[in-house]
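Reviewing the structure listed below.
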Amino acid sequence: MQGYIGVAAVDGAHQVIVEAQAHGSPQDHDLLKPVIDGLRGHLAAIGEAGSADGAAYLADAGYHSERGLKALAEDGIDGYIADGQMRQRDPRYAGPSVHKRPSTAKTFLPRDFTFDPENGTCLCPAGKSLKLNSANAIING
């Protein structure tokens, strides 16, 4: 079960991580402002307070929330956040899943594996030996 999330901010010029945080929330929709505040704190600590005040911040749709947008507006932060409906409005995403690669995965059935009870292993369809490591495994059924 996911109980935390890690978030990071990178600079636009060099893609260097300039702030990273872990939060006890599985969602990031309200975390853009805390990340920006953390970045500002780091800059102040190295004598560069205010150096990111005119910066623009770009975030994916996971950061989109009304509360988050209001926090950015109240602080005068120039933020650009995609919303969850962006792809439905964008004509580049119209049509049948044009951006998805077809799956090449094959589903194997139990009959595709050969069990060796003496060694507690299975031989997979690729010829690799797989060691049984689960007390809950069901063999021959």
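Following the order of the structure tokens, chains are lettered A, B, ..., residues in each are numbered from 1, and ligands are numbered from 1.
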Please provide as a ChimeraX atom specification all residues within 7 Å of Glu19 in chain A, with the sequence filter that same-chain residues fewer than 2 positions apart are discarded (counting only C-alpha atoms). /A:8-9,17,21,35,38-39
May I have all residues of range 24-79 of chain A that DSSP, computed from the backbone, assigns to alpha helix (DSSP H), given as a PyMOL selection string? chain A and resi 32-45+66-74
Going by DSSP on the backbone, which bits of range 11-140 of chain A are strand (DSSP E)? Write them as a list of chain:residue names, please.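 Filtering range 11-140 of chain A to strand (DSSP E) leaves A:Ile17, A:Val18, A:Glu19, A:Ala20, A:Gln21, A:Ala22, A:His23, A:Ala56, A:Tyr57, A:Leu58, A:Ala59, A:Asp78, A:Gly79, A:Tyr80, A:Ile81, A:Thr114, A:Phe115, A:Asp116, A:Thr121, A:Cys122, A:Leu123, A:Ser129, A:Leu130, A:Lys131.
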Which residues, written as a list in words, have at least one atom at most 10 Å from Ala56 in chain A, with only C-alpha atoms counted and residues fewer than 5 positions away on the same chain left out? Gly12, Ile77, Asp78, Gly79 and Tyr80 of chain A
Those same residues - N, CA, C and O atoms - I'd like them written as a PDB file, in the first residue's frame.
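Saved to selection37.pdb:
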```pdb
ATOM      1  N   GLY A  12      15.258  24.368 -14.946  1.00  0.00           N
ATOM      2  CA  GLY A  12      14.932  24.225 -16.358  1.00  0.00           C
ATOM      3  C   GLY A  12      16.124  24.168 -17.279  1.00  0.00           C
ATOM      4  O   GLY A  12      16.050  23.581 -18.353  1.00  0.00           O
ATOM      5  N   ILE A  77       2.963  33.385  -7.666  1.00  0.00           N
ATOM      6  CA  ILE A  77       3.866  32.429  -8.326  1.00  0.00           C
ATOM      7  C   ILE A  77       3.363  32.155  -9.731  1.00  0.00           C
ATOM      8  O   ILE A  77       2.185  31.864  -9.950  1.00  0.00           O
ATOM      9  N   ASP A  78       4.259  32.276 -10.695  1.00  0.00           N
ATOM     10  CA  ASP A  78       3.949  32.020 -12.100  1.00  0.00           C
ATOM     11  C   ASP A  78       3.979  30.507 -12.323  1.00  0.00           C
ATOM     12  O   ASP A  78       5.025  29.925 -12.591  1.00  0.00           O
ATOM     13  N   GLY A  79       2.816  29.844 -12.186  1.00  0.00           N
ATOM     14  CA  GLY A  79       2.755  28.392 -12.290  1.00  0.00           C
ATOM     15  C   GLY A  79       1.947  27.937 -13.485  1.00  0.00           C
ATOM     16  O   GLY A  79       0.936  28.539 -13.837  1.00  0.00           O
ATOM     17  N   TYR A  80       2.405  26.881 -14.133  1.00  0.00           N
ATOM     18  CA  TYR A  80       1.739  26.287 -15.279  1.00  0.00           C
ATOM     19  C   TYR A  80       1.512  24.814 -14.960  1.00  0.00           C
ATOM     20  O   TYR A  80       2.458  24.038 -14.857  1.00  0.00           O
TER      21      TYR A  80
END
```
List the neighbours of Leu123 in chain A out to 6 Å using only C-alpha atoms; skip same-chain residues closer than 2 positions along the sequence, and give me the result as number ranges by chain. A: 113-114, 127-129
With N, CA and C atoms retained, write the just-selected residues as a PDB file, in the first residue's frame.
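Printed below is selection.pdb as written:
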```
ATOM      1  N   PHE A 113       4.830 -24.287 -18.348  1.00  0.00           N
ATOM      2  CA  PHE A 113       5.952 -24.470 -17.437  1.00  0.00           C
ATOM      3  C   PHE A 113       6.084 -25.946 -17.067  1.00  0.00           C
ATOM      4  N   THR A 114       7.317 -26.380 -16.856  1.00  0.00           N
ATOM      5  CA  THR A 114       7.570 -27.759 -16.450  1.00  0.00           C
ATOM      6  C   THR A 114       8.101 -27.740 -15.029  1.00  0.00           C
ATOM      7  N   GLY A 127      13.216 -21.328 -21.228  1.00  0.00           N
ATOM      8  CA  GLY A 127      14.271 -22.269 -20.872  1.00  0.00           C
ATOM      9  C   GLY A 127      15.008 -21.919 -19.595  1.00  0.00           C
ATOM     10  N   LYS A 128      14.524 -20.940 -18.854  1.00  0.00           N
ATOM     11  CA  LYS A 128      15.174 -20.527 -17.605  1.00  0.00           C
ATOM     12  C   LYS A 128      14.578 -21.308 -16.431  1.00  0.00           C
ATOM     13  N   SER A 129      15.437 -21.630 -15.474  1.00  0.00           N
ATOM     14  CA  SER A 129      14.998 -22.331 -14.282  1.00  0.00           C
ATOM     15  C   SER A 129      14.502 -21.320 -13.258  1.00  0.00           C
TER      16      SER A 129
END
```
Between A:Leu31, A:Ala59, A:Met86, A:Ala45, which is the closest to Ala71 in chain A once you count only C-alpha atoms? A:Leu31
Between CA of His42 in chain A and CA of Asp11 in chain A, what is the distance, to one decimal in Å?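 Distance reported for this atom pair: 13.4 Å.
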Of the candidates A:Pro26, A:Gly41, A:Leu69, A:Asp75, which shows the shortest atom-to-atom distance to Gly54 in chain A, using only C-alpha atoms?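 For Gly54 in chain A, the nearest of the given residues is A:Asp75.
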